[in-house]
Each structure stands twice: as C-alpha cells, then as structure tokens.
>>> print(open('structure.json').read())   # JSON, C-alpha atoms
[["chain", "number", "residue", "atom", "x", "y", "z"],
["E", 1, "MET", "CA", 0.00, 0.00, 0.00],
["E", 2, "SER", "CA", 1.10, 3.57, -0.54],
["E", 3, "GLY", "CA", 1.69, 6.06, 2.24],
["E", 4, "LYS", "CA", 4.38, 7.01, 4.66],
["E", 5, "LYS", "CA", 5.42, 4.27, 7.04],
["E", 6, "THR", "CA", 5.81, 5.07, 10.70],
["E", 7, "SER", "CA", 7.36, 3.40, 13.71],
["E", 8, "ASN", "CA", 4.71, 4.83, 16.04],
["E", 9, "PRO", "CA", 1.54, 2.86, 16.76],
["E", 10, "ILE", "CA", -1.56, 3.99, 14.90],
["E", 11, "ALA", "CA", -4.13, 3.41, 17.66],
["E", 12, "ILE", "CA", -4.07, 2.08, 21.23],
["E", 13, "VAL", "CA", -6.34, 1.37, 24.17],
["E", 14, "ALA", "CA", -5.63, 4.49, 26.21],
["E", 15, "SER", "CA", -5.69, 2.74, 29.60],
["E", 16, "SER", "CA", -2.98, 0.35, 28.40],
["E", 17, "ALA", "CA", -0.46, 3.18, 27.97],
["E", 18, "SER", "CA", 2.38, 3.21, 30.48],
["E", 19, "PRO", "CA", 2.23, 5.66, 33.40],
["E", 20, "ARG", "CA", 4.75, 8.48, 33.41],
["E", 21, "THR", "CA", 7.95, 7.25, 34.99],
["E", 22, "LYS", "CA", 8.45, 10.42, 37.06],
["E", 23, "PRO", "CA", 5.15, 11.06, 38.85],
["E", 24, "SER", "CA", 5.69, 14.81, 39.21],
["E", 25, "ILE", "CA", 8.29, 17.43, 38.35],
["E", 26, "TYR", "CA", 7.27, 19.72, 41.25],
["E", 27, "PRO", "CA", 9.86, 20.26, 43.98],
["E", 28, "GLU", "CA", 9.00, 19.17, 47.52],
["E", 29, "PRO", "CA", 6.75, 19.69, 49.39],
["E", 30, "PHE", "CA", 4.55, 19.76, 46.28],
["E", 31, "PHE", "CA", 5.90, 16.54, 44.77],
["E", 32, "THR", "CA", 4.44, 14.49, 47.61],
["E", 33, "ARG", "CA", 1.03, 16.10, 47.19],
["E", 34, "MET", "CA", 0.82, 14.51, 43.72],
["E", 35, "ARG", "CA", 1.25, 10.92, 44.94],
["E", 36, "LYS", "CA", -2.42, 10.06, 44.40],
["E", 37, "ARG", "CA", -2.23, 11.11, 40.76],
["E", 38, "GLU", "CA", -1.26, 8.83, 37.86],
["E", 39, "LYS", "CA", -0.66, 10.25, 34.37],
["E", 40, "ARG", "CA", -0.43, 8.15, 31.22],
["E", 41, "PRO", "CA", 1.03, 10.24, 28.39],
["E", 42, "LEU", "CA", -0.85, 9.48, 25.17],
["E", 43, "GLY", "CA", 0.25, 12.05, 22.62],
["E", 44, "ASP", "CA", 3.96, 11.23, 22.91],
["E", 45, "ILE", "CA", 3.22, 7.60, 21.98],
["E", 46, "PHE", "CA", 2.10, 8.72, 18.54],
["E", 47, "GLY", "CA", 4.94, 11.20, 18.08],
["E", 48, "LEU", "CA", 2.83, 14.32, 18.61],
["E", 49, "ARG", "CA", 4.94, 17.42, 19.31],
["E", 50, "ASN", "CA", 2.58, 20.39, 19.30],
["E", 51, "PHE", "CA", 0.48, 19.39, 22.28],
["E", 52, "GLY", "CA", 0.47, 16.86, 25.09],
["E", 53, "VAL", "CA", -2.36, 14.51, 26.07],
["E", 54, "ASN", "CA", -2.57, 12.56, 29.32],
["E", 55, "LEU", "CA", -5.03, 9.99, 30.61],
["E", 56, "THR", "CA", -4.99, 10.97, 34.28],
["E", 57, "ARG", "CA", -6.35, 8.98, 37.20],
["E", 58, "LEU", "CA", -6.91, 10.51, 40.63],
["E", 59, "ALA", "CA", -7.32, 8.24, 43.62],
["E", 60, "PRO", "CA", -9.59, 9.52, 46.39],
["E", 61, "GLY", "CA", -7.90, 12.56, 47.90],
["E", 62, "GLY", "CA", -5.77, 13.14, 44.82],
["E", 63, "GLU", "CA", -5.22, 16.41, 43.01],
["E", 64, "SER", "CA", -4.36, 16.91, 39.34],
["E", 65, "ALA", "CA", -1.92, 19.76, 39.91],
["E", 66, "LEU", "CA", -1.45, 22.69, 42.24],
["E", 67, "LEU", "CA", -3.94, 25.49, 41.64],
["E", 68, "HIS", "CA", -2.27, 27.23, 38.68],
["E", 69, "ARG", "CA", -2.60, 29.18, 35.46],
["E", 70, "HIS", "CA", -0.36, 29.41, 32.41],
["E", 71, "SER", "CA", 0.81, 32.59, 30.72],
["E", 72, "LYS", "CA", 0.83, 31.24, 27.14],
["E", 73, "GLN", "CA", -0.45, 27.66, 27.06],
["E", 74, "ASP", "CA", -4.10, 26.62, 26.85],
["E", 75, "GLU", "CA", -5.47, 23.56, 28.65],
["E", 76, "PHE", "CA", -8.58, 21.37, 28.32],
["E", 77, "VAL", "CA", -9.96, 18.47, 30.36],
["E", 78, "PHE", "CA", -12.69, 15.91, 29.60],
["E", 79, "VAL", "CA", -14.04, 13.68, 32.38],
["E", 80, "LEU", "CA", -14.37, 9.96, 31.64],
["E", 81, "GLU", "CA", -15.08, 8.47, 35.09],
["E", 82, "GLY", "CA", -15.90, 9.71, 38.57],
["E", 83, "GLU", "CA", -16.78, 13.12, 39.90],
["E", 84, "PRO", "CA", -13.70, 15.28, 40.39],
["E", 85, "THR", "CA", -14.16, 18.80, 41.73],
["E", 86, "LEU", "CA", -12.90, 21.59, 39.51],
["E", 87, "VAL", "CA", -11.36, 24.08, 41.92],
["E", 88, "THR", "CA", -10.66, 27.56, 40.56],
["E", 89, "ASP", "CA", -9.91, 30.93, 42.07],
["E", 90, "VAL", "CA", -13.41, 32.00, 41.04],
["E", 91, "GLU", "CA", -15.65, 29.07, 42.01],
["E", 92, "GLU", "CA", -15.81, 25.30, 42.43],
["E", 93, "ILE", "CA", -17.79, 22.91, 40.22],
["E", 94, "THR", "CA", -18.39, 19.18, 40.62],
["E", 95, "LEU", "CA", -17.72, 17.53, 37.27],
["E", 96, "SER", "CA", -19.09, 14.22, 36.00],
["E", 97, "PRO", "CA", -18.46, 11.96, 32.99],
["E", 98, "GLY", "CA", -19.11, 13.77, 29.72],
["E", 99, "MET", "CA", -18.28, 17.18, 31.16],
["E", 100, "CYS", "CA", -15.34, 19.24, 29.96],
["E", 101, "ALA", "CA", -13.56, 22.42, 30.95],
["E", 102, "GLY", "CA", -11.11, 24.67, 29.18],
["E", 103, "PHE", "CA", -8.51, 27.04, 30.60],
["E", 104, "PRO", "CA", -7.16, 29.68, 28.25],
["E", 105, "ALA", "CA", -3.76, 31.17, 28.95],
["E", 106, "GLN", "CA", -3.97, 34.01, 31.50],
["E", 107, "GLY", "CA", -7.45, 32.82, 32.50],
["E", 108, "ILE", "CA", -8.63, 31.58, 35.86],
["E", 109, "ALA", "CA", -6.36, 29.42, 38.02],
["E", 110, "HIS", "CA", -7.52, 25.81, 38.22],
["E", 111, "GLN", "CA", -6.94, 22.26, 39.46],
["E", 112, "LEU", "CA", -9.00, 19.07, 39.75],
["E", 113, "VAL", "CA", -9.38, 17.51, 43.20],
["E", 114, "ASN", "CA", -10.96, 14.16, 43.98],
["E", 115, "ARG", "CA", -13.07, 14.58, 47.12],
["E", 116, "THR", "CA", -15.02, 11.34, 46.53],
["E", 117, "ASP", "CA", -14.23, 7.77, 47.56],
["E", 118, "GLN", "CA", -14.15, 6.61, 43.92],
["E", 119, "GLU", "CA", -11.40, 7.06, 41.33],
["E", 120, "ALA", "CA", -11.73, 9.92, 38.87],
["E", 121, "VAL", "CA", -10.38, 9.56, 35.33],
["E", 122, "PHE", "CA", -10.06, 12.32, 32.76],
["E", 123, "LEU", "CA", -8.21, 13.35, 29.64],
["E", 124, "GLU", "CA", -6.05, 16.46, 29.88],
["E", 125, "PHE", "CA", -4.63, 18.44, 26.95],
["E", 126, "GLY", "CA", -2.16, 21.29, 26.82],
["E", 127, "ASP", "CA", -0.20, 22.88, 24.03],
["E", 128, "ARG", "CA", 3.52, 23.49, 24.20],
["E", 129, "ALA", "CA", 3.84, 27.23, 23.51],
["E", 130, "ALA", "CA", 7.42, 28.36, 24.17],
["E", 131, "GLY", "CA", 8.24, 30.84, 26.91],
["E", 132, "ASP", "CA", 5.34, 29.73, 29.08],
["E", 133, "GLU", "CA", 5.19, 30.56, 32.79],
["E", 134, "GLY", "CA", 3.13, 28.91, 35.50],
["E", 135, "SER", "CA", 1.76, 30.88, 38.45],
["E", 136, "TYR", "CA", 0.42, 29.35, 41.65],
["E", 137, "PRO", "CA", -1.79, 31.71, 43.66],
["E", 138, "ARG", "CA", -1.99, 29.47, 46.74],
["E", 139, "ASP", "CA", 1.59, 28.16, 46.91],
["E", 140, "ASP", "CA", 5.09, 29.63, 47.17],
["E", 141, "LEU", "CA", 6.01, 28.57, 43.66],
["E", 142, "GLU", "CA", 6.65, 30.06, 40.22],
["E", 143, "ALA", "CA", 7.55, 28.10, 37.10],
["E", 144, "SER", "CA", 9.15, 29.07, 33.80],
["E", 145, "LEU", "CA", 9.67, 26.94, 30.72],
["E", 146, "GLY", "CA", 13.26, 27.18, 29.53],
["E", 147, "SER", "CA", 14.50, 27.16, 25.97],
["E", 148, "ASP", "CA", 15.49, 23.52, 26.61],
["E", 149, "ASP", "CA", 11.78, 22.73, 27.19],
["E", 150, "LYS", "CA", 12.43, 22.03, 30.86],
["E", 151, "TRP", "CA", 10.52, 23.70, 33.69],
["E", 152, "VAL", "CA", 12.42, 25.72, 36.30],
["E", 153, "PHE", "CA", 10.73, 26.19, 39.68],
["E", 154, "LYS", "CA", 11.47, 29.02, 42.09],
["E", 155, "HIS", "CA", 10.10, 30.48, 45.28],
["E", 156, "LYS", "CA", 8.06, 33.67, 44.76],
["E", 157, "ASP", "CA", 11.01, 35.73, 46.06],
["E", 158, "GLY", "CA", 13.20, 34.28, 43.31],
["E", 159, "ARG", "CA", 15.14, 31.70, 45.35],
["E", 160, "PRO", "CA", 15.58, 28.39, 43.56],
["E", 161, "TYR", "CA", 14.16, 25.15, 44.90],
["F", 1, "MET", "CA", -13.00, 35.54, 46.04],
["F", 2, "SER", "CA", -9.80, 36.58, 44.30],
["F", 3, "GLY", "CA", -8.93, 35.65, 40.74],
["F", 4, "LYS", "CA", -9.45, 36.88, 37.24],
["F", 5, "LYS", "CA", -13.06, 36.98, 36.13],
["F", 6, "THR", "CA", -14.00, 35.61, 32.75],
["F", 7, "SER", "CA", -17.00, 35.78, 30.47],
["F", 8, "ASN", "CA", -16.42, 32.24, 29.24],
["F", 9, "PRO", "CA", -18.08, 29.29, 31.00],
["F", 10, "ILE", "CA", -15.81, 27.28, 33.30],
["F", 11, "ALA", "CA", -17.23, 23.81, 32.58],
["F", 12, "ILE", "CA", -20.01, 22.38, 30.41],
["F", 13, "VAL", "CA", -21.66, 19.09, 29.49],
["F", 14, "ALA", "CA", -19.90, 18.48, 26.18],
["F", 15, "SER", "CA", -22.96, 17.06, 24.40],
["F", 16, "SER", "CA", -24.90, 20.24, 25.21],
["F", 17, "ALA", "CA", -22.54, 22.38, 23.12],
["F", 18, "SER", "CA", -24.00, 23.75, 19.89],
["F", 19, "PRO", "CA", -23.14, 22.03, 16.61],
["F", 20, "ARG", "CA", -20.97, 23.97, 14.16],
["F", 21, "THR", "CA", -23.20, 26.19, 12.08],
["F", 22, "LYS", "CA", -21.40, 25.39, 8.82],
["F", 23, "PRO", "CA", -21.19, 21.60, 8.64],
["F", 24, "SER", "CA", -18.09, 21.54, 6.39],
["F", 25, "ILE", "CA", -15.73, 23.98, 4.67],
["F", 26, "TYR", "CA", -14.88, 21.52, 1.88],
["F", 27, "PRO", "CA", -15.96, 22.50, -1.64],
["F", 28, "GLU", "CA", -18.38, 20.22, -3.47],
["F", 29, "PRO", "CA", -18.46, 17.32, -4.14],
["F", 30, "PHE", "CA", -16.73, 16.80, -0.79],
["F", 31, "PHE", "CA", -19.07, 19.02, 1.23],
["F", 32, "THR", "CA", -21.97, 16.63, 0.65],
["F", 33, "ARG", "CA", -19.91, 13.64, 1.76],
["F", 34, "MET", "CA", -19.74, 15.19, 5.25],
["F", 35, "ARG", "CA", -23.52, 15.37, 5.74],
["F", 36, "LYS", "CA", -23.54, 12.46, 8.21],
["F", 37, "ARG", "CA", -21.03, 14.20, 10.46],
["F", 38, "GLU", "CA", -21.86, 16.61, 13.28],
["F", 39, "LYS", "CA", -19.12, 18.60, 15.06],
["F", 40, "ARG", "CA", -19.60, 20.45, 18.33],
["F", 41, "PRO", "CA", -16.68, 22.82, 18.91],
["F", 42, "LEU", "CA", -15.67, 22.70, 22.58],
["F", 43, "GLY", "CA", -12.39, 24.58, 22.86],
["F", 44, "ASP", "CA", -13.74, 27.80, 21.37],
["F", 45, "ILE", "CA", -16.43, 27.94, 24.06],
["F", 46, "PHE", "CA", -13.74, 28.40, 26.69],
["F", 47, "GLY", "CA", -11.73, 30.89, 24.66],
["F", 48, "LEU", "CA", -8.93, 28.47, 23.76],
["F", 49, "ARG", "CA", -6.79, 29.70, 20.86],
["F", 50, "ASN", "CA", -3.84, 27.34, 20.57],
["F", 51, "PHE", "CA", -5.80, 24.21, 19.67],
["F", 52, "GLY", "CA", -9.28, 23.16, 18.66],
["F", 53, "VAL", "CA", -11.42, 20.45, 20.26],
["F", 54, "ASN", "CA", -14.56, 18.98, 18.74],
["F", 55, "LEU", "CA", -17.10, 16.47, 20.01],
["F", 56, "THR", "CA", -17.86, 14.74, 16.73],
["F", 57, "ARG", "CA", -20.76, 12.40, 16.00],
["F", 58, "LEU", "CA", -20.87, 10.18, 12.91],
["F", 59, "ALA", "CA", -24.16, 8.67, 11.84],
["F", 60, "PRO", "CA", -23.96, 5.26, 10.15],
["F", 61, "GLY", "CA", -22.17, 5.78, 6.84],
["F", 62, "GLY", "CA", -20.57, 9.01, 7.99],
["F", 63, "GLU", "CA", -16.93, 10.01, 7.66],
["F", 64, "SER", "CA", -14.97, 12.40, 9.85],
["F", 65, "ALA", "CA", -13.02, 14.01, 7.01],
["F", 66, "LEU", "CA", -11.54, 13.06, 3.68],
["F", 67, "LEU", "CA", -8.45, 10.87, 3.98],
["F", 68, "HIS", "CA", -5.82, 13.53, 4.71],
["F", 69, "ARG", "CA", -2.61, 14.52, 6.43],
["F", 70, "HIS", "CA", -1.35, 17.87, 7.68],
["F", 71, "SER", "CA", 2.07, 19.36, 7.01],
["F", 72, "LYS", "CA", 2.48, 21.13, 10.36],
["F", 73, "GLN", "CA", -0.47, 20.40, 12.63],
["F", 74, "ASP", "CA", -0.82, 17.36, 14.90],
["F", 75, "GLU", "CA", -4.15, 15.62, 15.51],
["F", 76, "PHE", "CA", -5.52, 13.26, 18.18],
["F", 77, "VAL", "CA", -8.83, 11.39, 18.55],
["F", 78, "PHE", "CA", -10.38, 9.57, 21.52],
["F", 79, "VAL", "CA", -13.42, 7.33, 21.00],
["F", 80, "LEU", "CA", -16.35, 7.72, 23.42],
["F", 81, "GLU", "CA", -19.12, 5.68, 21.76],
["F", 82, "GLY", "CA", -19.48, 3.24, 18.88],
["F", 83, "GLU", "CA", -16.93, 1.52, 16.69],
["F", 84, "PRO", "CA", -15.64, 3.81, 13.97],
["F", 85, "THR", "CA", -13.07, 2.47, 11.54],
["F", 86, "LEU", "CA", -9.78, 4.30, 11.41],
["F", 87, "VAL", "CA", -8.85, 4.30, 7.73],
["F", 88, "THR", "CA", -5.26, 5.20, 6.90],
["F", 89, "ASP", "CA", -3.04, 4.86, 3.85],
["F", 90, "VAL", "CA", -1.17, 2.11, 5.73],
["F", 91, "GLU", "CA", -3.90, -0.01, 7.31],
["F", 92, "GLU", "CA", -7.41, 0.01, 8.76],
["F", 93, "ILE", "CA", -8.28, -0.49, 12.44],
["F", 94, "THR", "CA", -11.67, -0.82, 14.10],
["F", 95, "LEU", "CA", -11.74, 1.45, 17.13],
["F", 96, "SER", "CA", -13.92, 1.17, 20.23],
["F", 97, "PRO", "CA", -14.64, 3.31, 23.31],
["F", 98, "GLY", "CA", -11.49, 4.05, 25.27],
["F", 99, "MET", "CA", -9.23, 3.78, 22.24],
["F", 100, "CYS", "CA", -7.26, 6.72, 20.92],
["F", 101, "ALA", "CA", -5.13, 7.53, 17.91],
["F", 102, "GLY", "CA", -2.66, 10.29, 17.14],
["F", 103, "PHE", "CA", -1.54, 11.70, 13.82],
["F", 104, "PRO", "CA", 1.66, 13.70, 13.80],
["F", 105, "ALA", "CA", 2.22, 16.26, 11.06],
["F", 106, "GLN", "CA", 3.60, 14.63, 7.92],
["F", 107, "GLY", "CA", 2.58, 11.21, 9.23],
["F", 108, "ILE", "CA", 0.12, 8.75, 7.75],
["F", 109, "ALA", "CA", -3.05, 9.99, 6.06],
["F", 110, "HIS", "CA", -6.18, 9.22, 8.07],
["F", 111, "GLN", "CA", -9.94, 9.52, 8.45],
["F", 112, "LEU", "CA", -12.62, 7.88, 10.62],
["F", 113, "VAL", "CA", -15.49, 6.13, 8.86],
["F", 114, "ASN", "CA", -18.61, 4.70, 10.49],
["F", 115, "ARG", "CA", -19.36, 1.37, 8.83],
["F", 116, "THR", "CA", -21.70, 0.24, 11.63],
["F", 117, "ASP", "CA", -25.43, 0.81, 12.12],
["F", 118, "GLN", "CA", -24.84, 2.67, 15.41],
["F", 119, "GLU", "CA", -23.64, 6.21, 15.96],
["F", 120, "ALA", "CA", -19.98, 6.78, 16.69],
["F", 121, "VAL", "CA", -18.89, 9.62, 18.97],
["F", 122, "PHE", "CA", -15.34, 10.82, 19.56],
["F", 123, "LEU", "CA", -13.26, 13.77, 20.67],
["F", 124, "GLU", "CA", -10.90, 15.26, 18.10],
["F", 125, "PHE", "CA", -8.03, 17.65, 18.80],
["F", 126, "GLY", "CA", -5.80, 19.61, 16.50],
["F", 127, "ASP", "CA", -3.40, 22.46, 17.03],
["F", 128, "ARG", "CA", -3.42, 25.63, 14.93],
["F", 129, "ALA", "CA", 0.14, 25.85, 13.63],
["F", 130, "ALA", "CA", 0.38, 28.60, 11.00],
["F", 131, "GLY", "CA", 1.25, 27.83, 7.39],
["F", 132, "ASP", "CA", -0.33, 24.38, 7.54],
["F", 133, "GLU", "CA", -1.22, 22.47, 4.38],
["F", 134, "GLY", "CA", -3.64, 19.57, 3.96],
["F", 135, "SER", "CA", -3.03, 16.83, 1.41],
["F", 136, "TYR", "CA", -5.62, 14.34, 0.25],
["F", 137, "PRO", "CA", -4.14, 11.24, -1.36],
["F", 138, "ARG", "CA", -7.48, 9.86, -2.64],
["F", 139, "ASP", "CA", -9.19, 13.07, -3.77],
["F", 140, "ASP", "CA", -8.47, 15.90, -6.21],
["F", 141, "LEU", "CA", -7.95, 18.42, -3.45],
["F", 142, "GLU", "CA", -5.20, 20.42, -1.78],
["F", 143, "ALA", "CA", -5.64, 22.84, 1.12],
["F", 144, "SER", "CA", -3.52, 25.67, 2.49],
["F", 145, "LEU", "CA", -4.10, 27.76, 5.59],
["F", 146, "GLY", "CA", -3.81, 31.46, 4.77],
["F", 147, "SER", "CA", -2.40, 34.17, 6.98],
["F", 148, "ASP", "CA", -6.04, 35.11, 7.70],
["F", 149, "ASP", "CA", -6.51, 31.64, 9.27],
["F", 150, "LYS", "CA", -8.87, 30.61, 6.46],
["F", 151, "TRP", "CA", -8.41, 27.45, 4.41],
["F", 152, "VAL", "CA", -8.05, 27.74, 0.63],
["F", 153, "PHE", "CA", -8.91, 24.65, -1.42],
["F", 154, "LYS", "CA", -7.58, 23.91, -4.90],
["F", 155, "HIS", "CA", -7.52, 21.08, -7.41],
["F", 156, "LYS", "CA", -4.22, 19.23, -7.54],
["F", 157, "ASP", "CA", -3.36, 21.03, -10.79],
["F", 158, "GLY", "CA", -3.72, 24.35, -8.97],
["F", 159, "ARG", "CA", -7.14, 25.39, -10.27],
["F", 160, "PRO", "CA", -9.35, 26.95, -7.59],
["F", 161, "TYR", "CA", -12.62, 25.38, -6.52]]
>>> encode(input="structure.json", output="structure tokens")
Amino acid sequence: MSGKKTSNPIAIVASSASPRTKPSIYPEPFFTRMRKREKRPLGDIFGLRNFGVNLTRLAPGGESALLHRHSKQDEFVFVLEGEPTLVTDVEEITLSPGMCAGFPAQGIAHQLVNRTDQEAVFLEFGDRAAGDEGSYPRDDLEASLGSDDKWVFKHKDGRPY
Amino acid sequence: MSGKKTSNPIAIVASSASPRTKPSIYPEPFFTRMRKREKRPLGDIFGLRNFGVNLTRLAPGGESALLHRHSKQDEFVFVLEGEPTLVTDVEEITLSPGMCAGFPAQGIAHQLVNRTDQEAVFLEFGDRAAGDEGSYPRDDLEASLGSDDKWVFKHKDGRPY
C-alpha cells in the first residue's frame, strides 16, 4: 500500500499506555502532594509534538496539579469516570463523565481535586507554547519553561528550589 | 474571592454544546460527503486559541473528514461511543470506546469512517500551527491555511474550486 510508514503505533487502548515514569516534576513539598495522581502520556506515543495529552487517574484525595494558570499555554480536560471537583480561584464545580472544561492562557487558576471515595479519570490536553510561565496563587512557587523545554521552579522571592 | 473573572463558561456538558453552524468547509463534491457528520466545537467555548477540540458524532455511513494529512499540525482522537473504523493509507483499524489515535504532522493519512449501524462519537483535537497544508491522497484536493486563518482549497493542478 502507498503512504508514509511510521514506527509509532496507529491506535491504542488508552488505559494500556504506560504511566509516566516520574510522577511529578514539582519540587517538595509539592511533589508528595501529587502521589495520588497517575498520568499516562498518550500524545507522545504517537509522536505528537505540538500538544500533550494525558489519561490521568486521581485516587480519592488526589489532586491533578497545584492550583495554577499558564501565561501562554491553553489547557482542556474531559471527564471519563468519577466526579472530580474543579477548583478555581473564582468558584468550584463538581464535574461528572461527559463534562469538559477549558482554561485559556492568562485565564482563571484551576486544578481538579478528587473529594469522593471513587477514582476519577479524565483526559487532559495542553499545548507546548514556548516561553510559558506557571503561576500558583496558593503556593510559594513560580515556574518558567526554559529554551530547553524544561521547567524551572522558584520560590516567589526568586530563590531556587 | 480573588482571581481573574472571565465571560467564558468554566465547565459544560460536552454534548450540550451547539453544533458547528457550517457543517463543512470543503468545496463540493466533498461538502456533501460530510452530511452524516456533526461537530460540536468545545475549545472555542472556553476561549482556547492554541488548539481546537470537537465532540464529533458520525451517523452510520458518515466520515470524519476526507483521507488527509497535515504538514504542520498534529491531531488526536479519543473514542467515546461506537466503533468507527480508522482508515489510513497504511492499514485500517476498528476502534472502540477508550481507544485513541494520534496523527503527527507529515505522518500517515487518516480519516474515521462509520461502517456500523450505530452512531460513533469521539473527541478530536488539533493544534493551529500557522502555514499548515492539507493533502488528500485519494481526492483531487489540496488545502492551504492562509495568513487570515482561512483554508483555501484547490484542485491538484492548482485550479481553484
């Protein structure tokens, strides 16, 4: 058959993807707060570069991220299972399967928290705009995306972690 | 409460979003081939700019798009209901709920086709990289994204539609 061959898979069962080897890139004490979160990167498997996709599972008590907003990158979540709470710096909303939420750059700060006794599973998407910065209104943390595509975390007074 | 206010909604039931008013931007005879497809834009509702998200429903016999690939933009689909067939220029795969597929720029050509007698529903994501071109290996069509963010379609010999 004609067409460009590829070494990436064409389609997979999302839940069969491997969990991320490093559970979080936050410094302590924030790293430990993410221990009830499991992310399975999906986009990388197919060789996507322009945006990332994760299948993310929150155990009871888990949180998807610190409350945060991005300066340049957009984000989107779609709930598949469970009833995670969308916490923002404006209001809180209980989500359920089939609901979605989007977070434009420089919009409201947000995180998903699982306050139920059942797992919550959702898809999360974010683009990879260069020069992005993350701000964390409730925590002593600031993040900036370097030209090497690695995040650098600092205290709000500029001290490194 | 503190935080930036926004006029966009924070979360919605995806299936309650309005269908796209113009069902397809393809010229005829391709426009008519998309009549069994319904797209509900989700990302735009939240003010996302860097990528688009659609909740797309294919009636039996419907197709998601012409078989195509992009030159710069990545795409990703996640199946929610039904069993659409992923048709590519390499192979065909029957998808089912919980399966996903990703299509990097310059990768294999692809489309989803509903060969069942049940509806198929999936999420589709694509970034908005400038200067993108669409190529259609099975149809007399070429597409280029102008600096005004509008697609221009031509025959393969360069004649406009």
>>> interface_residues(input="structure.json", of="chain E", to="chain F", cutoff="9 Å", atoms="all atoms listed in the file", output="VMD selection string")
chain E and resid 1 to 6 9 to 15 42 to 51 53 72 to 76 78 80 86 88 to 91 93 95 to 109 125 to 127 129 137
>>> residues_around(input="structure.json", residues="Tyr136 (chain E)", least_positions_apart="5", cutoff="7 Å", atoms="all atoms listed in the file", output="PDB file with C-alpha atoms, in the coordinates of the input")
ATOM      1  CA  LEU E  66      -1.450  22.690  42.240  1.00  0.00           C
ATOM      2  CA  LEU E  67      -3.940  25.490  41.640  1.00  0.00           C
ATOM      3  CA  HIS E  68      -2.270  27.230  38.680  1.00  0.00           C
ATOM      4  CA  ARG E  69      -2.600  29.180  35.460  1.00  0.00           C
ATOM      5  CA  LEU E 141       6.010  28.570  43.660  1.00  0.00           C
ATOM      6  CA  GLU E 142       6.650  30.060  40.220  1.00  0.00           C
TER       7      GLU E 142
END
>>> atom_distance(input="structure.json", atom1="CA of Ser135 (chain F)", atom2="CA of Ser24 (chain F)")
16.5 Å
>>> atom_distance(input="structure.json", atom1="CA of Gly61 (chain F)", atom2="CA of Gln111 (chain F)")
12.9 Å
>>> residues_around(input="structure.json", residues="Leu145 (chain E)", least_positions_apart="3", cutoff="7 Å", atoms="only C-alpha atoms", output="compact mmCIF listing (two decimals) with C-alpha atoms, in the coordinates of the input")
# COMPACT_ATOMS: atom_id res chain seq x y z
CA GLY E 131 8.24 30.84 26.91
CA ASP E 132 5.34 29.73 29.08
CA GLU E 133 5.19 30.56 32.79
CA ASP E 149 11.78 22.73 27.19
CA LYS E 150 12.43 22.03 30.86
CA TRP E 151 10.52 23.70 33.69
CA VAL E 152 12.42 25.72 36.30
>>> atom_distance(input="structure.json", atom1="CA of Val87 (chain F)", atom2="CA of Asp157 (chain F)")
25.6 Å
>>> axis_aligned_box(input="structure.json", around="region 127-139 of chain F", padding_each_side="8 Å", output="JSON")
{"center_x": -4.0, "center_y": 19.2, "center_z": 6.6, "size_x": 26.4, "size_y": 34.7, "size_z": 36.8}
>>> decode(input="structure.json", residues="region 15-28 of chain F", atoms="N, CA and C atoms", output="PDB file, in the first residue's frame")
ATOM      1  N   SER F  15     -21.914  17.349  25.396  1.00  0.00           N
ATOM      2  CA  SER F  15     -22.958  17.059  24.404  1.00  0.00           C
ATOM      3  C   SER F  15     -23.994  18.175  24.308  1.00  0.00           C
ATOM      4  N   SER F  16     -23.961  19.113  25.258  1.00  0.00           N
ATOM      5  CA  SER F  16     -24.904  20.240  25.210  1.00  0.00           C
ATOM      6  C   SER F  16     -24.359  21.401  24.385  1.00  0.00           C
ATOM      7  N   ALA F  17     -23.115  21.308  23.944  1.00  0.00           N
ATOM      8  CA  ALA F  17     -22.543  22.378  23.118  1.00  0.00           C
ATOM      9  C   ALA F  17     -23.265  22.426  21.768  1.00  0.00           C
ATOM     10  N   SER F  18     -23.304  23.597  21.172  1.00  0.00           N
ATOM     11  CA  SER F  18     -24.001  23.748  19.889  1.00  0.00           C
ATOM     12  C   SER F  18     -23.188  23.167  18.744  1.00  0.00           C
ATOM     13  N   PRO F  19     -23.859  22.503  17.791  1.00  0.00           N
ATOM     14  CA  PRO F  19     -23.137  22.034  16.609  1.00  0.00           C
ATOM     15  C   PRO F  19     -22.610  23.213  15.789  1.00  0.00           C
ATOM     16  N   ARG F  20     -21.546  22.957  15.050  1.00  0.00           N
ATOM     17  CA  ARG F  20     -20.968  23.966  14.164  1.00  0.00           C
ATOM     18  C   ARG F  20     -22.031  24.419  13.171  1.00  0.00           C
ATOM     19  N   THR F  21     -22.135  25.694  12.955  1.00  0.00           N
ATOM     20  CA  THR F  21     -23.204  26.186  12.085  1.00  0.00           C
ATOM     21  C   THR F  21     -22.963  25.791  10.626  1.00  0.00           C
ATOM     22  N   LYS F  22     -21.713  25.804  10.188  1.00  0.00           N
ATOM     23  CA  LYS F  22     -21.398  25.390   8.821  1.00  0.00           C
ATOM     24  C   LYS F  22     -20.849  23.972   8.906  1.00  0.00           C
ATOM     25  N   PRO F  23     -21.583  22.979   8.377  1.00  0.00           N
ATOM     26  CA  PRO F  23     -21.190  21.596   8.641  1.00  0.00           C
ATOM     27  C   PRO F  23     -19.817  21.228   8.088  1.00  0.00           C
ATOM     28  N   SER F  24     -19.399  21.857   6.972  1.00  0.00           N
ATOM     29  CA  SER F  24     -18.091  21.544   6.390  1.00  0.00           C
ATOM     30  C   SER F  24     -17.610  22.743   5.595  1.00  0.00           C
ATOM     31  N   ILE F  25     -16.286  22.917   5.516  1.00  0.00           N
ATOM     32  CA  ILE F  25     -15.733  23.976   4.672  1.00  0.00           C
ATOM     33  C   ILE F  25     -15.194  23.411   3.355  1.00  0.00           C
ATOM     34  N   TYR F  26     -15.322  22.097   3.145  1.00  0.00           N
ATOM     35  CA  TYR F  26     -14.882  21.518   1.876  1.00  0.00           C
ATOM     36  C   TYR F  26     -15.731  22.071   0.729  1.00  0.00           C
ATOM     37  N   PRO F  27     -15.145  22.217  -0.449  1.00  0.00           N
ATOM     38  CA  PRO F  27     -15.958  22.503  -1.635  1.00  0.00           C
ATOM     39  C   PRO F  27     -16.690  21.220  -2.073  1.00  0.00           C
ATOM     40  N   GLU F  28     -17.731  21.387  -2.868  1.00  0.00           N
ATOM     41  CA  GLU F  28     -18.377  20.218  -3.467  1.00  0.00           C
ATOM     42  C   GLU F  28     -17.419  19.561  -4.453  1.00  0.00           C
TER      43      GLU F  28
END
